[in-house]
Amino acid sequence: MSKYKKCPYCSEQILADAKKCRYCHSMLEEAVAESVPFPPPPGPAVPPTPGSFSPPPQPADGAEKKMAYEDINRSSFSPPPGVAPASEQPPLNREQGAKKKSKKLPIIISAIVVLIVVLIIVALNAGRSALRSSPAYSGVLSYLSGNVEAIQYLGEPIELGRNVSGEITTSGTLSEADLKIPVSGSLNEGTIYAKATGTGEQLAYTLLELETIEGNRIDLLRTYAVDVPEGMQLFLGAGYGFTMVYPQNWSYEFVGENGLIFYGPEGTEEYDLEVAVEIYNSMAAGGIYGTIDDITADLKQAFISMSGTINFEDRGRDFFDDIERDYSLFGGVLPRNGVQWANATIVIQRDDRLYYVFYYNAPATIYETYLDYIFNEMFSSISFTDNLNF
């Protein structure tokens with residue numbers, strides 16, 4: 001075999017195993033590869049003989065060229081100044097970019113929502129403050145404090161809520177109010193619906209209703225209103241079926257199942273004053289008294305048994321809450337813990353079921369001082385209601 005061969009490109013003599021011509025610098029692998037004939041079809045497989053060795057297949061020349069080409073291109077590429085090579089740069093990630101934007105977006109939206117909520121709260125508070133300062137709002141409480149049904153349902157003290165809603169419109173000197181006001185007392189709560197019209201502080205209510213939590217409406221403009229004198233407040237004991245005004249600085253407490261007693265502030269002479277109330281069933285309602293005379297006779301006998309002396313009495317009919325009813329009256333003096341006390345007792349027949357007994361007791365030395373006050377203010381305000389548990 002010859003040691004030399006001709007270059008197929010320049011015909012110069014080169015070594016037989018040369019891969020590149022040293023004269024024209026042409027690569028000789030492709031030419032060699034083209035001159036290699038296709039291998040014959042494979043014959044039947046022959047298992048290797050024991051101890052023989054088959055070397056692993058070598059990559060073709062074309063594969064070597066591809067790998068070399070990629071190596072040259074990677075090494076010869078220089079990125080622009082200040083830019084790290086692609087191998088050192090983190091891969092681009094659209095999802096990460098989207099997440100960064102999506103994180104900023106909820107923060108901005110949340111801030112806008114918070115701002116809107118704050119502005120709404122400020123506006124509502126300003127609007128409610130304006131409604132609460134209106135005469136239509138402040139005038140509602142006076143109606144409630146003098147309305148028997150409202151006090152019976154709500155209980156005392158009555159308070160108007162701050163979350164008032166509605167509107168007040170003004171045209172010239174004329175104002176119109178349409179309000180919805182939460183209200184509460186010691187027993188229940190409800191909602192006031194009020195409409196009023198007028199000029200300045202002079203407003204007239206065209207609608208004033210209390211809606212209970214059960215959904216019923218109480219018309220506060222009806223004739224159930226009670227004129228409570230200045231310095232007095234209205235008693236509406238739940239279930240006792242009557243109302244009566246009494247001094248604001250007085251107190252009361254329940255006695256037994258059918259009575260209560262009012263008295264003045266401790267430390268004053270009014271502390272010794274007593275206005276007591278008892279309720280008795282008639283015979284028709286399971287009691288022992290058939291007539292008003294029966295119960296009056298029994299009370300007089302009890303008074304005498306305590307060493308009392310009766311010095312006046314009366315019997316007749318009179319109006320209580322615009323209804324004429326039977327009454328009897330007696331009074332006198334009796335010893336009490338070594339002190340002479342004076343007494344006045346009035347019995348009122350409410351109906352064929354119940355008798356109400358009102359007592360006025362005081363030390364004899366101050367009895368006359370408060371007699372007119374008790375009868376003209378307290379007893380004259382007695383009114384019977386349907387709020388009854390007897």
# chains A, B, ... in the order shown; residues from 1 in each chain; ligands from 1
>>> select_by_dssp(residues="range 119-268 of chain A", states="strand (DSSP E or B)", output="PyMOL selection string")
chain A and resi 147+159-160+165-171+174-184+189-199+202-212+217-219+225+232-235+240-247+251-255+259-263
>>> residues_around(residues="Val275 in chain A", least_positions_apart="4", cutoff="10 Å", atoms="only C-alpha atoms", output="list in words")
Tyr246, Tyr252, Leu260, Ile261, Phe262, Tyr263, Gly264, Ala344, Thr345, Phe358, Tyr359, Tyr360, Asn361, Ala362, Ile374, Met378 and Phe379 of chain A
>>> atom_distance(atom1="CA of Leu160 in chain A", atom2="CA of Thr206 in chain A")
19.4 Å
>>> select_by_dssp(residues="range 143-257 of chain A", states="alpha helix (DSSP H)", output="list in words")
Tyr143, Leu144, Ser145, Val148, Glu149, Ala150, Ile151, Gln152, Tyr153 and Leu154 of chain A
>>> write_last_selection(atoms="N, CA and C atoms", output="mmCIF file, in the first residue's frame")
data_model
loop_
_atom_site.group_PDB
_atom_site.id
_atom_site.type_symbol
_atom_site.label_atom_id
_atom_site.label_comp_id
_atom_site.auth_asym_id
_atom_site.auth_seq_id
_atom_site.Cartn_x
_atom_site.Cartn_y
_atom_site.Cartn_z
ATOM 1 N N TYR A 143 -92.030 62.461 72.271
ATOM 2 C CA TYR A 143 -93.229 61.679 71.964
ATOM 3 C C TYR A 143 -93.147 60.290 72.589
ATOM 4 N N LEU A 144 -91.968 59.682 72.515
ATOM 5 C CA LEU A 144 -91.803 58.341 73.063
ATOM 6 C C LEU A 144 -91.973 58.327 74.581
ATOM 7 N N SER A 145 -91.402 59.336 75.251
ATOM 8 C CA SER A 145 -91.442 59.361 76.715
ATOM 9 C C SER A 145 -92.837 59.626 77.255
ATOM 10 N N VAL A 148 -97.822 55.761 76.182
ATOM 11 C CA VAL A 148 -97.995 54.595 77.040
ATOM 12 C C VAL A 148 -97.547 53.310 76.348
ATOM 13 N N GLU A 149 -98.032 53.090 75.138
ATOM 14 C CA GLU A 149 -97.709 51.838 74.436
ATOM 15 C C GLU A 149 -96.225 51.725 74.139
ATOM 16 N N ALA A 150 -95.600 52.844 73.755
ATOM 17 C CA ALA A 150 -94.171 52.821 73.453
ATOM 18 C C ALA A 150 -93.354 52.471 74.690
ATOM 19 N N ILE A 151 -93.691 53.061 75.820
ATOM 20 C CA ILE A 151 -92.943 52.797 77.052
ATOM 21 C C ILE A 151 -93.195 51.374 77.536
ATOM 22 N N GLN A 152 -94.424 50.912 77.385
ATOM 23 C CA GLN A 152 -94.723 49.537 77.789
ATOM 24 C C GLN A 152 -93.902 48.539 76.982
ATOM 25 N N TYR A 153 -93.737 48.821 75.705
ATOM 26 C CA TYR A 153 -92.997 47.881 74.859
ATOM 27 C C TYR A 153 -91.487 48.021 75.053
ATOM 28 N N LEU A 154 -90.977 49.244 75.007
ATOM 29 C CA LEU A 154 -89.533 49.461 75.048
ATOM 30 C C LEU A 154 -88.975 49.378 76.463
#
>>> residues_around(residues="Ile366 in chain A", least_positions_apart="4", cutoff="10 Å", atoms="only C-alpha atoms", output="PyMOL selection string")
chain A and resi 269-270+272-273+341-342+362+370-371
>>> write_last_selection(atoms="C-alpha atoms", output="tab-separated table (two decimals), in the first residue's frame")
chain	number	residue	atom	x	y	z
A	269	GLU	CA	-87.86	64.01	104.36
A	270	GLU	CA	-89.47	62.61	101.19
A	272	ASP	CA	-90.44	58.81	104.63
A	273	LEU	CA	-93.25	59.29	102.09
A	341	TRP	CA	-98.57	58.29	110.78
A	342	ALA	CA	-101.40	59.50	108.56
A	362	ALA	CA	-96.47	59.71	105.66
A	370	TYR	CA	-97.53	66.61	100.35
A	371	LEU	CA	-101.22	65.64	100.29
>>> residues_around(residues="Glu214 in chain A", least_positions_apart="3", cutoff="10 Å", atoms="only C-alpha atoms", output="PyMOL selection string")
chain A and resi 190+211+217
>>> closest_residue(among="A:Gly256, A:Gly308, A:Pro247, A:Gly198", to="Tyr373 in chain A", atoms="only C-alpha atoms")
A:Pro247
>>> residues_around(residues="Glu313 in chain A", least_positions_apart="4", cutoff="8 Å", atoms="only C-alpha atoms", output="PyMOL selection string")
chain A and resi 328-331
>>> residues_around(residues="Asn188 in chain A", least_positions_apart="3", cutoff="9 Å", atoms="only C-alpha atoms", output="VMD selection string")
chain A and resid 153 to 155 183 to 185 212 to 213
